[in-house]
Structure formats: structure tokens, C-alpha cells
file coords-v7.csv (CSV, C-alpha atoms and all ligand atoms)
chain,number,residue,atom,x,y,z
A,1,MET,CA,-16.2,81.8,-36.6
A,2,PRO,CA,-17.9,80.9,-39.9
A,3,ILE,CA,-17.6,83.6,-42.5
A,4,ASP,CA,-20.9,85.1,-43.4
A,5,ASN,CA,-22.6,82.2,-41.6
A,6,ILE,CA,-21.1,79.9,-44.3
A,7,ILE,CA,-18.5,77.3,-43.6
A,8,TYR,CA,-16.6,77.2,-46.8
A,9,PHE,CA,-14.6,73.9,-47.0
A,10,ASP,CA,-14.2,73.9,-50.8
A,11,ASN,CA,-11.0,75.8,-51.2
A,12,ALA,CA,-9.4,73.4,-53.6
A,13,SER,CA,-12.2,74.3,-56.1
A,14,THR,CA,-11.7,78.0,-55.6
A,15,THR,CA,-11.0,80.5,-52.9
A,16,LYS,CA,-12.3,83.9,-51.8
A,17,VAL,CA,-10.5,86.8,-53.3
A,18,ASN,CA,-8.1,88.6,-51.0
A,19,PRO,CA,-9.2,92.3,-50.7
A,20,GLU,CA,-5.6,93.3,-51.2
A,21,VAL,CA,-5.5,91.5,-54.5
A,22,LEU,CA,-8.7,93.0,-55.6
A,23,LEU,CA,-7.5,96.4,-54.7
A,24,ALA,CA,-4.3,95.9,-56.7
A,25,TYR,CA,-6.5,94.8,-59.7
A,26,THR,CA,-8.9,97.8,-59.5
A,27,LYS,CA,-6.0,100.2,-59.1
A,28,VAL,CA,-4.4,99.0,-62.3
A,29,CYS,CA,-7.8,99.2,-64.1
A,30,GLU,CA,-8.2,102.8,-63.0
A,31,THR,CA,-4.6,104.0,-63.5
A,32,THR,CA,-2.9,101.8,-66.0
A,33,PHE,CA,-5.6,100.7,-68.5
A,34,ALA,CA,-3.7,101.3,-71.8
A,35,ASN,CA,-2.9,98.5,-74.1
A,36,ALA,CA,0.5,97.1,-73.1
A,37,SER,CA,1.4,96.7,-76.8
A,38,SER,CA,0.9,100.4,-77.6
A,39,ILE,CA,4.0,102.3,-78.1
A,40,HIS,CA,2.8,105.5,-76.5
A,41,PHE,CA,3.8,106.5,-72.9
A,42,GLU,CA,0.7,105.0,-71.2
A,43,GLY,CA,1.1,101.7,-73.2
A,44,GLN,CA,4.7,101.4,-72.1
A,45,LYS,CA,3.8,102.1,-68.6
A,46,ALA,CA,1.3,99.2,-68.7
A,47,ASN,CA,4.0,97.1,-70.4
A,48,ARG,CA,6.4,97.8,-67.6
A,49,LEU,CA,3.8,96.8,-65.0
A,50,LEU,CA,3.2,93.6,-66.9
A,51,ASN,CA,6.9,92.8,-67.0
A,52,LYS,CA,7.3,93.7,-63.3
A,53,SER,CA,4.6,91.1,-62.5
A,54,ARG,CA,6.4,88.5,-64.5
A,55,GLU,CA,9.6,89.2,-62.6
A,56,LEU,CA,7.9,89.1,-59.3
A,57,ILE,CA,6.3,85.7,-60.1
A,58,LEU,CA,9.7,84.3,-61.2
A,59,SER,CA,11.6,85.7,-58.3
A,60,THR,CA,9.0,84.3,-55.8
A,61,LEU,CA,9.5,80.9,-57.3
A,62,ASN,CA,13.3,81.3,-57.6
A,63,LEU,CA,13.2,80.9,-61.4
A,64,SER,CA,14.3,84.3,-62.5
A,65,ASN,CA,17.3,83.4,-64.7
A,66,THR,CA,16.0,80.3,-66.4
A,67,HIS,CA,12.2,80.6,-66.9
A,68,GLN,CA,9.7,83.0,-68.4
A,69,VAL,CA,6.0,83.7,-67.6
A,70,ILE,CA,3.2,83.3,-70.1
A,71,PHE,CA,0.1,84.7,-68.6
A,72,THR,CA,-3.0,82.6,-69.2
A,73,SER,CA,-6.6,82.5,-68.1
A,74,GLY,CA,-5.7,79.8,-65.6
A,75,ALA,CA,-4.2,76.3,-65.2
A,76,THR,CA,-6.4,74.7,-67.8
A,77,GLU,CA,-5.1,76.9,-70.5
A,78,ALA,CA,-1.5,76.6,-69.2
A,79,ASN,CA,-1.8,72.8,-69.2
A,80,ASN,CA,-3.1,72.9,-72.8
A,81,ILE,CA,-0.3,75.2,-74.0
A,82,ALA,CA,2.4,73.2,-72.3
A,83,ILE,CA,1.3,69.8,-73.4
A,84,LYS,CA,-0.2,70.4,-76.8
A,85,GLY,CA,2.2,73.2,-77.6
A,86,TYR,CA,5.3,71.2,-76.7
A,87,ALA,CA,4.1,67.9,-78.1
A,88,LEU,CA,3.1,69.4,-81.5
A,89,LYS,CA,6.2,71.5,-81.7
A,90,TYR,CA,8.5,68.5,-81.2
A,91,LYS,CA,6.5,65.7,-82.7
A,92,ASN,CA,9.3,64.8,-85.1
A,93,ARG,CA,11.5,63.9,-82.1
A,94,GLY,CA,9.0,61.3,-80.8
A,95,ASN,CA,5.4,60.6,-80.2
A,96,HIS,CA,5.3,59.3,-76.7
A,97,ILE,CA,4.0,61.1,-73.6
A,98,ILE,CA,4.0,59.9,-70.0
A,99,THR,CA,1.5,61.1,-67.4
A,100,THR,CA,-0.3,59.7,-64.4
A,101,ALA,CA,-3.8,58.2,-64.1
A,102,ILE,CA,-4.8,60.8,-61.5
A,103,GLU,CA,-4.2,64.0,-63.3
A,104,HIS,CA,-6.7,66.8,-63.6
A,105,ALA,CA,-9.1,66.6,-66.6
A,106,SER,CA,-7.2,69.5,-68.2
A,107,VAL,CA,-4.2,67.2,-68.5
A,108,LEU,CA,-5.9,63.9,-69.1
A,109,LYS,CA,-8.2,65.2,-71.8
A,110,THR,CA,-5.4,67.1,-73.4
A,111,VAL,CA,-3.2,64.0,-73.8
A,112,ARG,CA,-6.2,62.0,-74.9
A,113,GLN,CA,-6.8,64.5,-77.6
A,114,LEU,CA,-3.2,64.1,-78.7
A,115,GLU,CA,-3.7,60.3,-78.8
A,116,LYS,CA,-6.9,60.4,-80.7
A,117,GLU,CA,-6.3,63.2,-83.1
A,118,PHE,CA,-2.6,63.4,-83.6
A,119,GLY,CA,-1.3,59.8,-83.2
A,120,PHE,CA,0.6,60.2,-79.9
A,121,VAL,CA,1.0,57.3,-77.6
A,122,VAL,CA,0.4,58.0,-73.9
A,123,THR,CA,1.4,56.0,-70.9
A,124,TYR,CA,-0.7,56.6,-67.8
A,125,LEU,CA,1.4,55.8,-64.7
A,126,PRO,CA,-0.7,53.8,-62.1
A,127,VAL,CA,-0.9,54.8,-58.5
A,128,ASP,CA,-0.9,52.6,-55.4
A,129,GLN,CA,-3.5,52.5,-52.7
A,130,HIS,CA,-2.2,55.8,-51.3
A,131,GLY,CA,-2.5,57.5,-54.7
A,132,GLU,CA,1.3,57.5,-55.1
A,133,ILE,CA,3.1,56.8,-58.4
A,134,GLN,CA,6.3,54.8,-58.2
A,135,ILE,CA,9.4,56.3,-59.8
A,136,GLU,CA,10.4,52.8,-61.1
A,137,ASP,CA,7.2,52.8,-63.2
A,138,LEU,CA,8.3,56.1,-64.7
A,139,VAL,CA,11.8,54.8,-65.4
A,140,ASN,CA,10.3,51.7,-67.1
A,141,ALA,CA,7.9,53.7,-69.2
A,142,ILE,CA,10.5,55.8,-70.9
A,143,THR,CA,11.3,54.9,-74.5
A,144,ASP,CA,13.4,56.5,-77.2
A,145,LYS,CA,10.2,58.1,-78.5
A,146,THR,CA,9.3,59.8,-75.2
A,147,ILE,CA,9.3,63.6,-75.5
A,148,LEU,CA,7.2,64.8,-72.5
A,149,VAL,CA,6.4,63.8,-68.9
A,150,SER,CA,3.5,65.5,-67.1
A,151,VAL,CA,3.1,64.8,-63.4
A,152,MET,CA,1.0,67.0,-61.1
A,153,ALA,CA,2.7,68.3,-58.0
A,154,ILE,CA,-0.4,67.7,-55.8
A,155,ASN,CA,-3.6,65.9,-56.7
A,156,ASN,CA,-6.7,68.1,-56.4
A,157,GLU,CA,-8.9,65.3,-55.1
A,158,ILE,CA,-6.8,63.4,-52.6
A,159,GLY,CA,-4.0,65.9,-52.0
A,160,VAL,CA,-1.3,63.4,-52.5
A,161,ILE,CA,2.1,65.1,-53.0
A,162,ASN,CA,4.3,63.8,-55.8
A,163,ASN,CA,8.0,64.0,-55.5
A,164,ILE,CA,8.5,66.3,-58.4
A,165,GLU,CA,12.0,67.3,-57.4
A,166,GLU,CA,13.1,63.7,-57.6
A,167,ILE,CA,11.4,63.2,-60.9
A,168,ALA,CA,12.9,66.4,-62.3
A,169,LYS,CA,16.4,65.4,-61.2
A,170,PHE,CA,16.0,62.0,-62.7
A,171,LEU,CA,14.7,63.4,-66.0
A,172,LYS,CA,17.8,65.7,-66.3
A,173,SER,CA,19.6,62.8,-67.8
A,174,TYR,CA,17.1,62.8,-70.7
A,175,PRO,CA,17.6,66.1,-72.4
A,176,LYS,CA,15.0,65.2,-75.1
A,177,ILE,CA,12.3,64.8,-72.5
A,178,ALA,CA,10.5,67.9,-71.2
A,179,PHE,CA,9.0,67.8,-67.7
A,180,HIS,CA,5.6,69.5,-67.1
A,181,VAL,CA,4.1,70.0,-63.6
A,182,ASP,CA,0.6,71.0,-62.9
A,183,ALA,CA,1.3,72.9,-59.7
A,184,THR,CA,-2.2,74.3,-59.3
A,185,GLN,CA,-2.7,72.8,-55.8
A,186,ALA,CA,0.9,73.3,-54.7
A,187,ILE,CA,1.8,76.9,-55.5
A,188,GLY,CA,1.3,79.2,-52.6
A,189,LYS,CA,0.9,76.3,-50.2
A,190,PHE,CA,4.1,74.3,-50.4
A,191,ASN,CA,7.7,75.5,-51.0
A,192,LEU,CA,8.7,73.2,-53.8
A,193,ASN,CA,11.8,73.5,-55.9
A,194,TYR,CA,10.9,73.9,-59.6
A,195,ALA,CA,14.4,74.7,-60.9
A,196,ASP,CA,14.6,71.5,-62.9
A,197,VAL,CA,11.0,71.6,-64.1
A,198,ASP,CA,10.5,72.8,-67.7
A,199,PHE,CA,6.8,73.8,-67.5
A,200,ILE,CA,4.8,74.8,-64.5
A,201,SER,CA,1.0,75.6,-64.5
A,202,PHE,CA,-1.1,77.3,-62.0
A,203,SER,CA,-4.3,79.4,-61.4
A,204,GLY,CA,-4.7,82.6,-59.4
A,205,HIS,CA,-8.1,81.8,-58.0
A,206,LYS,CA,-6.8,78.8,-55.9
A,207,ILE,CA,-4.6,81.2,-53.9
A,208,HIS,CA,-7.1,84.0,-53.3
A,209,GLY,CA,-6.5,85.7,-56.6
A,210,LEU,CA,-9.0,86.3,-59.4
A,211,LYS,CA,-10.7,83.8,-61.6
A,212,GLY,CA,-9.5,84.1,-65.1
A,213,THR,CA,-5.9,84.6,-64.1
A,214,GLY,CA,-3.0,82.1,-64.2
A,215,ALA,CA,0.2,81.3,-65.8
A,216,LEU,CA,2.4,78.9,-67.6
A,217,ILE,CA,6.0,79.2,-66.5
A,218,LYS,CA,8.3,77.8,-69.1
A,219,ARG,CA,12.0,77.2,-69.4
A,220,LYS,CA,13.1,80.0,-71.7
A,221,LYS,CA,15.0,77.9,-74.2
A,222,LEU,CA,12.1,75.5,-74.9
A,223,GLU,CA,9.6,76.3,-77.7
A,224,VAL,CA,6.0,75.6,-77.9
A,225,LEU,CA,3.6,75.7,-80.8
A,226,SER,CA,1.3,78.7,-80.4
A,227,LEU,CA,-2.4,77.6,-79.9
A,228,ASN,CA,-3.6,81.3,-80.0
A,229,SER,CA,-2.2,83.0,-83.1
A,230,GLY,CA,-2.6,86.7,-83.5
A,231,GLY,CA,-0.8,89.9,-82.4
A,232,GLY,CA,2.1,88.0,-80.9
A,233,GLN,CA,1.7,88.9,-77.2
A,234,GLU,CA,3.3,86.6,-74.6
A,235,ASP,CA,6.3,85.9,-76.8
A,236,GLY,CA,4.0,84.9,-79.6
A,237,ILE,CA,2.7,81.9,-77.6
A,238,ARG,CA,-0.6,83.4,-76.4
A,239,SER,CA,-1.8,86.3,-78.5
A,240,GLY,CA,-4.5,88.6,-77.4
A,241,THR,CA,-4.5,92.0,-75.6
A,242,ASN,CA,-2.7,91.6,-72.3
A,243,ASP,CA,-4.7,91.6,-69.0
A,244,VAL,CA,-2.3,93.8,-67.1
A,245,ALA,CA,-4.5,94.2,-64.1
A,246,GLY,CA,-4.9,90.4,-64.0
A,247,ALA,CA,-1.2,89.9,-64.2
A,248,VAL,CA,-0.6,92.3,-61.3
A,249,SER,CA,-3.3,90.6,-59.3
A,250,LEU,CA,-1.7,87.2,-59.9
A,251,ALA,CA,1.7,88.4,-58.8
A,252,LYS,CA,0.2,89.9,-55.7
A,253,ALA,CA,-1.8,86.8,-54.8
A,254,LEU,CA,1.3,84.6,-55.3
A,255,THR,CA,3.6,86.8,-53.2
A,256,ILE,CA,1.0,87.0,-50.4
A,257,ALA,CA,0.4,83.3,-50.4
A,258,ASN,CA,4.1,82.5,-50.5
A,259,SER,CA,4.9,84.7,-47.6
A,260,LYS,CA,2.3,82.8,-45.4
A,261,ILE,CA,3.2,79.2,-46.4
A,262,SER,CA,4.6,78.0,-43.0
A,263,GLN,CA,2.2,80.0,-40.9
A,264,ASN,CA,-0.8,78.7,-42.9
A,265,LYS,CA,0.4,75.1,-42.8
A,266,THR,CA,0.6,75.1,-39.0
A,267,LYS,CA,-2.9,76.5,-38.6
A,268,ILE,CA,-4.5,74.3,-41.2
A,269,THR,CA,-2.7,71.2,-39.9
A,270,ALA,CA,-4.4,71.7,-36.5
A,271,ILE,CA,-7.8,72.0,-38.2
A,272,SER,CA,-7.2,68.9,-40.4
A,273,PHE,CA,-6.1,66.8,-37.5
A,274,LYS,CA,-9.4,67.5,-35.7
A,275,ILE,CA,-11.2,66.2,-38.7
A,276,TYR,CA,-8.9,63.2,-39.1
A,277,ASP,CA,-9.4,62.3,-35.5
A,278,TYR,CA,-13.1,62.1,-36.0
A,279,LEU,CA,-12.8,60.1,-39.3
A,280,GLU,CA,-10.3,57.7,-37.9
A,281,SER,CA,-12.4,56.9,-34.9
A,282,ASN,CA,-15.2,55.8,-37.2
A,283,PRO,CA,-13.7,53.3,-39.6
A,284,ASP,CA,-17.0,51.5,-40.1
A,285,LEU,CA,-18.4,54.8,-41.7
A,286,TYR,CA,-15.4,56.3,-43.5
A,287,GLU,CA,-12.6,55.2,-45.7
A,288,ILE,CA,-9.9,57.9,-45.7
A,289,ASN,CA,-8.3,58.5,-49.1
A,290,SER,CA,-6.0,61.4,-48.4
A,291,THR,CA,-2.8,61.6,-46.3
A,292,LYS,CA,-2.0,63.9,-43.4
A,293,ASP,CA,1.1,65.3,-45.1
A,294,ASN,CA,-1.1,67.7,-47.0
A,295,PRO,CA,-3.5,69.4,-44.5
A,296,TYR,CA,-5.3,71.4,-47.3
A,297,ILE,CA,-7.2,68.4,-48.7
A,298,ILE,CA,-9.0,65.8,-46.7
A,299,ASN,CA,-10.7,63.1,-48.8
A,300,PHE,CA,-12.8,60.2,-47.6
A,301,SER,CA,-15.4,57.8,-49.0
A,302,LEU,CA,-18.7,57.1,-47.3
A,303,LYS,CA,-19.3,53.4,-46.6
A,304,THR,CA,-22.9,53.6,-45.7
A,305,LYS,CA,-24.4,56.7,-47.4
A,306,LYS,CA,-24.5,58.4,-50.8
A,307,ALA,CA,-22.0,61.2,-51.0
A,308,SER,CA,-24.3,63.4,-53.0
A,309,VAL,CA,-27.0,63.1,-50.3
A,310,VAL,CA,-24.4,64.0,-47.6
A,311,VAL,CA,-22.9,66.9,-49.5
A,312,GLU,CA,-26.4,68.3,-50.1
A,313,GLY,CA,-27.3,67.8,-46.4
A,314,LEU,CA,-24.2,69.6,-45.3
A,315,SER,CA,-25.0,72.4,-47.8
A,316,ASN,CA,-28.4,72.8,-46.3
A,317,LYS,CA,-26.6,73.4,-43.0
A,318,ASN,CA,-24.4,76.1,-44.7
A,319,ILE,CA,-21.4,73.8,-44.9
A,320,MET,CA,-19.8,73.7,-48.4
A,321,VAL,CA,-17.8,70.6,-49.2
A,322,SER,CA,-17.4,68.8,-52.5
A,323,SER,CA,-18.2,65.3,-53.6
A,324,ILE,CA,-15.8,65.1,-56.6
A,325,SER,CA,-13.8,67.7,-58.4
A,326,ALA,CA,-16.2,70.6,-59.1
A,327,CYS,CA,-14.6,70.8,-62.5
A,328,HIS,CA,-16.1,67.6,-63.7
A,329,SER,CA,-19.3,67.5,-65.5
A,330,ARG,CA,-22.2,65.8,-63.6
A,331,LYS,CA,-22.3,62.8,-65.8
A,332,GLU,CA,-18.8,61.7,-64.6
A,333,ALA,CA,-19.9,61.6,-61.0
A,334,TYR,CA,-17.2,59.4,-59.7
A,335,SER,CA,-13.7,59.9,-58.7
A,336,HIS,CA,-11.2,58.5,-61.3
A,337,VAL,CA,-8.6,59.2,-58.7
A,338,VAL,CA,-10.1,57.0,-56.0
A,339,GLU,CA,-10.9,54.4,-58.6
A,340,SER,CA,-7.2,54.4,-59.6
A,341,MET,CA,-6.4,53.6,-56.0
A,342,ASN,CA,-8.3,50.3,-56.5
A,343,LYS,CA,-10.8,51.1,-53.8
A,344,GLY,CA,-13.7,49.7,-55.8
A,345,GLU,CA,-16.7,51.2,-57.4
A,346,TYR,CA,-18.8,52.1,-54.4
A,347,LEU,CA,-16.1,54.0,-52.6
A,348,SER,CA,-15.0,55.9,-55.8
A,349,HIS,CA,-18.6,56.9,-56.4
A,350,ASN,CA,-19.0,58.2,-52.8
A,351,THR,CA,-16.1,60.5,-52.1
A,352,VAL,CA,-16.2,63.7,-50.0
A,353,ARG,CA,-13.5,66.3,-50.2
A,354,VAL,CA,-13.0,68.9,-47.5
A,355,SER,CA,-10.5,71.5,-48.6
A,356,LEU,CA,-9.3,74.0,-46.1
A,357,ASP,CA,-7.5,77.3,-46.1
A,358,GLU,CA,-6.3,80.1,-43.9
A,359,ASN,CA,-9.8,81.5,-43.4
A,360,ASN,CA,-11.0,78.3,-41.7
A,361,THR,CA,-11.1,77.6,-38.0
A,362,ILE,CA,-11.2,74.8,-35.5
A,363,GLU,CA,-14.6,76.0,-34.5
A,364,GLU,CA,-15.8,75.4,-38.1
A,365,ALA,CA,-14.3,71.9,-38.0
A,366,LYS,CA,-16.2,71.1,-34.9
A,367,ILE,CA,-19.5,72.2,-36.4
A,368,PHE,CA,-18.7,70.3,-39.6
A,369,ILE,CA,-18.0,67.1,-37.6
A,370,ASN,CA,-21.2,67.4,-35.6
A,371,GLU,CA,-23.4,67.9,-38.7
A,372,LEU,CA,-21.6,65.2,-40.7
A,373,ASP,CA,-22.0,62.7,-37.8
A,374,LYS,CA,-25.8,63.5,-37.5
A,375,LEU,CA,-26.3,63.1,-41.3
A,376,ILE,CA,-24.3,59.8,-41.5
A,377,ARG,CA,-26.2,58.3,-38.6
A,378,GLY,CA,-29.5,59.4,-40.1
A,379,ILE,CA,-30.5,61.4,-37.1
A,380,LYS,CA,-33.6,63.4,-37.9
A,381,GLN,CA,-33.1,67.1,-37.6
B,1,LIG,N1,-5.2,71.4,-62.3
B,1,LIG,C1,-5.5,71.2,-61.0
B,1,LIG,C2,-4.7,70.2,-60.2
B,1,LIG,C3,-6.7,71.8,-60.5
B,1,LIG,O1,-7.0,71.5,-59.2
B,1,LIG,C4,-7.4,72.6,-61.3
B,1,LIG,C5,-8.7,73.3,-60.8
B,1,LIG,N2,-9.6,72.4,-60.1
B,1,LIG,C6,-7.0,72.8,-62.6
B,1,LIG,C7,-5.9,72.2,-63.1
B,1,LIG,C8,-7.7,73.8,-63.6
B,1,LIG,O2,-7.7,75.1,-63.1
B,1,LIG,P1,-8.6,76.2,-63.7
B,1,LIG,O3,-10.0,75.7,-63.7
B,1,LIG,O4,-8.4,77.4,-62.9
B,1,LIG,O5,-8.2,76.4,-65.1
call {"tool": "encode", "arguments": {"input": "coords-v7.csv", "output": "C-alpha cells", "more": "lines below"}}
Ligand code: PMP
result
Amino acid sequence: MPIDNIIYFDNASTTKVNPEVLLAYTKVCETTFANASSIHFEGQKANRLLNKSRELILSTLNLSNTHQVIFTSGATEANNIAIKGYALKYKNRGNHIITTAIEHASVLKTVRQLEKEFGFVVTYLPVDQHGEIQIEDLVNAITDKTILVSVMAINNEIGVINNIEEIAKFLKSYPKIAFHVDATQAIGKFNLNYADVDFISFSGHKIHGLKGTGALIKRKKLEVLSLNSGGGQEDGIRSGTNDVAGAVSLAKALTIANSKISQNKTKITAISFKIYDYLESNPDLYEINSTKDNPYIINFSLKTKKASVVVEGLSNKNIMVSSISACHSRKEAYSHVVESMNKGEYLSHNTVRVSLDENNTIEEAKIFINELDKLIRGIKQ
């Protein structure tokens, strides 16, 4: 049944906090509130908790021996630290970065800043009509000036899954090139192998954690230029008093999400298939932009109606979906992702994203389909 009478189908934007995660957070606030940098007993207690959270995150992702956790305010900050921090640190080795045309703004705008302000040259790998990059394009893009490749694990608008394991393996023969993966939409949902990835970014609030929590997981031996200078916390990379409760809550959210990956996938796949069945049986109304491999994100363009009108109409019926990434400012009200898939201007301006999670039900999908269908056919209500 709908939660609180609301059908929340916008989980790729953010998720509802898990009460267990919230409890872990408040418990630390109440019992272990000292500054983790203080040398007194309470400070050290907080520091131990912080380090335990790091270990838990690394062991959950099987990265304990090779990587370290830098706690951040979320994936945006993690992406900025990885890309700017690495590129600026190693700029003498080369000035070329490779990324994809469909990254999140926190990657695209970061590399653009490096282009504009710091003289870097960026190659944006194209995608095909399914939103997939071709490994050959990556191979061909590499030059002796390339120092960084940044490819998202899963796209936040169309849900396409990149083969980051294959890319990571391939890049192993280029020791000068670091590999960064924005794993925000993958972590806690898919069991990917990050062993050969150098930098991994994610946010807590996408996996029922708290907003303002997240991490950059980096290979220990790689250095980055600090963007936040100060007291030297987080290995000197991100200074500022540690948010121990946030760190604990992030580790909790991740371990819970990871323990439910296969059970959630089965449940959500059934819900997504219901919605796909409806969309596929109406090809004159909908262009499907997502693939069924990732049940969490369903993306389609409207052929006959404005997406903003339909999203608002659904919202009036207590159904929350999104038209483009909620992270974009309103003036960029089109999908650069769908545009990159060469689907044309109209379809890229009229995308709808339904993003599911474990709290959703088949019942909700049925209500959604019914309301969408009425809106699309202009049935007065
Ligand atoms: N990368 C991806 C793929 C995302 O989906 C998001 C959030 N939409 C971000 C980065 C940024 O995350 P946050 O806003 O939590 O920093």
C-alpha cells in the first residue's frame, strides 16, 4: 500500500531514511559526541567509532586492504575531490581526462572547470541509442597525456549499467591513468567488483541513509590535492571536524542495503516489469529510454504530452516521479542523457523517470499506470 498516501517513485533522487540508520545516528550524537581529533578519552572513543565505520564500509565492498575511506558530504563532494584533487595533483604527468557524455553534473561540471580554468583537455565518450559507451571508444581516446578516466557505474537518469569491471581491468595496463567511478546509483543495489577501481564515490541518502553523508573511497597509494585545507582530518584530504554520527549512519545504511541486494532486486524487478508491460503496449505514447537490466530506474519519453504537465498531474494524485534529474537547475530542463542517445529534441525535453525501491509495491505500480494512462489520454478527472 502507498506509504502515508503518497506513492514515492523518486528514489533515485533520494530515499526515505531507514529508522535503524536514524537510531544509529542519534545514539552516537547522544553518547559519542566528542571531537574525534581530541586526545582525551571521549575523543578517542569517537575516533575509534569513526575508524570502525571506515572498516565496515571497506569490508562490505571487499576493499579492506587496498583502499581508504574519506568521509564527505555526499557524492558531489566525493566526485570533486577525486577528479580535481587527482588531476591537479598529477597535472605534470599529463593534462588529458576521459569521461562520458552522460555523467552526473557533479562530474561533468567538474571536468569542465578543469578545462576552462586549468587547461585540461577532456574527451567525452559518446553513448549509443541505449545509452551505452563502447570500450573501443575509450581505447581510442587514450593518449600519452591521459591521467584520469571517470565513468559512472550506473546512470542516474536512464539506469544504464556500465561495465566498470571490464574498464578497470583494461586500465590496469596503464599505471599512469587513475580510474574514478561515480557509484552513487550502484552501491547498495548491485554487487559490483571495485577492486581495480582507484576512486569510488557515493552518497548515503540514496540508500536510506542521511542527506549530507557520503564517501570517497580511494586507493591508499594514490594522492589527491586537498580542496579543504585545515586541521588535517580525513588524511589531510578533507579537513573539518569529523561527523562521527554521520559516518556511523553511512556504514549502517550501506551494510543494510548490501545485505538486501538480491532480495530487493527480485521484488523491484517484478514491479518494474508491470510498468514496462504497460509502456511497451503503448508505443505510440511512450519511447522507453531505460533497460530492464536495472529495475530501479525506468525512464521514458512522452510522445504526445509535455513531461512537466504529466509530472505535475501525477503529483496532484500523490504520485511522485521526476521529469529530469532533480539535481539540475530548472533552466536546464532537458535531459542531456537522452539527448546524447540521439533521440532528438522533443524526446529529450519530455522524459519521465520512475525510480523504485524496496518500499514500493505492485499495488502502487497499478495505481501509477492507471493515473498516467488517464493523464496521457487527456481524460477529464
Ligand atoms: N552522481 C550520481 C550518479 C547521482 O545520482 C547523484 C545524485 N543525483 C550525485 C552524483 C550527487 O549526489 P549528492 O547530491 O548526494 O551529492
call {"tool": "residues_near_ligand", "arguments": {"input": "coords-v7.csv", "ligand": "ligand LIG 1 (chain B)", "cutoff": "6 Å", "atoms": "only C-alpha atoms and all ligand atoms", "output": "number ranges by chain"}}
result
A: 13, 74-76, 104, 106, 155-156, 182, 184-185, 203, 327
call {"tool": "residues_around", "arguments": {"input": "coords-v7.csv", "residues": "Ala82 of chain A", "least_positions_apart": "2", "cutoff": "9 Å", "atoms": "all atoms listed in the file", "output": "PyMOL selection string"}}
result
chain A and resi 77-80+84-87+180+199-201+216+218+224-225
call {"tool": "residues_around", "arguments": {"input": "coords-v7.csv", "residues": "segment 351-353 of chain A", "least_positions_apart": "4", "cutoff": "12 Å", "atoms": "only C-alpha atoms", "output": "mmCIF file with C-alpha atoms, keeping the file's coordinate frame"}}
result
data_model
loop_
_atom_site.group_PDB
_atom_site.id
_atom_site.type_symbol
_atom_site.label_atom_id
_atom_site.label_comp_id
_atom_site.auth_asym_id
_atom_site.auth_seq_id
_atom_site.Cartn_x
_atom_site.Cartn_y
_atom_site.Cartn_z
ATOM 1 C CA TYR A 8 -16.600 77.200 -46.800
ATOM 2 C CA PHE A 9 -14.600 73.900 -47.000
ATOM 3 C CA ASP A 10 -14.200 73.900 -50.800
ATOM 4 C CA ASN A 11 -11.000 75.800 -51.200
ATOM 5 C CA ALA A 12 -9.400 73.400 -53.600
ATOM 6 C CA SER A 13 -12.200 74.300 -56.100
ATOM 7 C CA ASN A 155 -3.600 65.900 -56.700
ATOM 8 C CA ASN A 156 -6.700 68.100 -56.400
ATOM 9 C CA GLU A 157 -8.900 65.300 -55.100
ATOM 10 C CA ILE A 158 -6.800 63.400 -52.600
ATOM 11 C CA GLY A 159 -4.000 65.900 -52.000
ATOM 12 C CA SER A 272 -7.200 68.900 -40.400
ATOM 13 C CA ILE A 275 -11.200 66.200 -38.700
ATOM 14 C CA LEU A 279 -12.800 60.100 -39.300
ATOM 15 C CA TYR A 286 -15.400 56.300 -43.500
ATOM 16 C CA GLU A 287 -12.600 55.200 -45.700
ATOM 17 C CA ILE A 288 -9.900 57.900 -45.700
ATOM 18 C CA ASN A 289 -8.300 58.500 -49.100
ATOM 19 C CA SER A 290 -6.000 61.400 -48.400
ATOM 20 C CA PRO A 295 -3.500 69.400 -44.500
ATOM 21 C CA TYR A 296 -5.300 71.400 -47.300
ATOM 22 C CA ILE A 297 -7.200 68.400 -48.700
ATOM 23 C CA ILE A 298 -9.000 65.800 -46.700
ATOM 24 C CA ASN A 299 -10.700 63.100 -48.800
ATOM 25 C CA PHE A 300 -12.800 60.200 -47.600
ATOM 26 C CA SER A 301 -15.400 57.800 -49.000
ATOM 27 C CA LEU A 302 -18.700 57.100 -47.300
ATOM 28 C CA LYS A 303 -19.300 53.400 -46.600
ATOM 29 C CA THR A 304 -22.900 53.600 -45.700
ATOM 30 C CA LYS A 305 -24.400 56.700 -47.400
ATOM 31 C CA LYS A 306 -24.500 58.400 -50.800
ATOM 32 C CA ALA A 307 -22.000 61.200 -51.000
ATOM 33 C CA SER A 308 -24.300 63.400 -53.000
ATOM 34 C CA VAL A 309 -27.000 63.100 -50.300
ATOM 35 C CA VAL A 310 -24.400 64.000 -47.600
ATOM 36 C CA VAL A 311 -22.900 66.900 -49.500
ATOM 37 C CA GLU A 312 -26.400 68.300 -50.100
ATOM 38 C CA LEU A 314 -24.200 69.600 -45.300
ATOM 39 C CA MET A 320 -19.800 73.700 -48.400
ATOM 40 C CA VAL A 321 -17.800 70.600 -49.200
ATOM 41 C CA SER A 322 -17.400 68.800 -52.500
ATOM 42 C CA SER A 323 -18.200 65.300 -53.600
ATOM 43 C CA ILE A 324 -15.800 65.100 -56.600
ATOM 44 C CA SER A 325 -13.800 67.700 -58.400
ATOM 45 C CA ALA A 326 -16.200 70.600 -59.100
ATOM 46 C CA ALA A 333 -19.900 61.600 -61.000
ATOM 47 C CA TYR A 334 -17.200 59.400 -59.700
ATOM 48 C CA SER A 335 -13.700 59.900 -58.700
ATOM 49 C CA HIS A 336 -11.200 58.500 -61.300
ATOM 50 C CA VAL A 337 -8.600 59.200 -58.700
ATOM 51 C CA VAL A 338 -10.100 57.000 -56.000
ATOM 52 C CA GLU A 339 -10.900 54.400 -58.600
ATOM 53 C CA LYS A 343 -10.800 51.100 -53.800
ATOM 54 C CA GLY A 344 -13.700 49.700 -55.800
ATOM 55 C CA GLU A 345 -16.700 51.200 -57.400
ATOM 56 C CA TYR A 346 -18.800 52.100 -54.400
ATOM 57 C CA LEU A 347 -16.100 54.000 -52.600
ATOM 58 C CA LEU A 372 -21.600 65.200 -40.700
#
call {"tool": "closest_atom_pairs", "arguments": {"input": "coords-v7.csv", "of": "segment 205-305 of chain A", "to": "segment 358-367 of chain A", "cutoff": "8 Å", "atoms": "all atoms listed in the file", "output": "JSON lines"}}
result
{"residue": "A:Asn264", "atom": "CA", "partner": "A:Glu358", "partner_atom": "CA", "distance": 5.8}
{"residue": "A:Lys267", "atom": "CA", "partner": "A:Glu358", "partner_atom": "CA", "distance": 7.3}
{"residue": "A:Ile268", "atom": "CA", "partner": "A:Glu358", "partner_atom": "CA", "distance": 6.6}
{"residue": "A:Ala270", "atom": "CA", "partner": "A:Ile362", "partner_atom": "CA", "distance": 7.5}
{"residue": "A:Ile271", "atom": "CA", "partner": "A:Ile362", "partner_atom": "CA", "distance": 5.2}
{"residue": "A:Lys274", "atom": "CA", "partner": "A:Ala365", "partner_atom": "CA", "distance": 7.0}
{"residue": "A:Ile275", "atom": "CA", "partner": "A:Ala365", "partner_atom": "CA", "distance": 6.5}
call {"tool": "atom_distance", "arguments": {"input": "coords-v7.csv", "atom1": "atom CA of Ile261 of chain A", "atom2": "atom CA of Ala247 of chain A"}}
result
21.2 Å
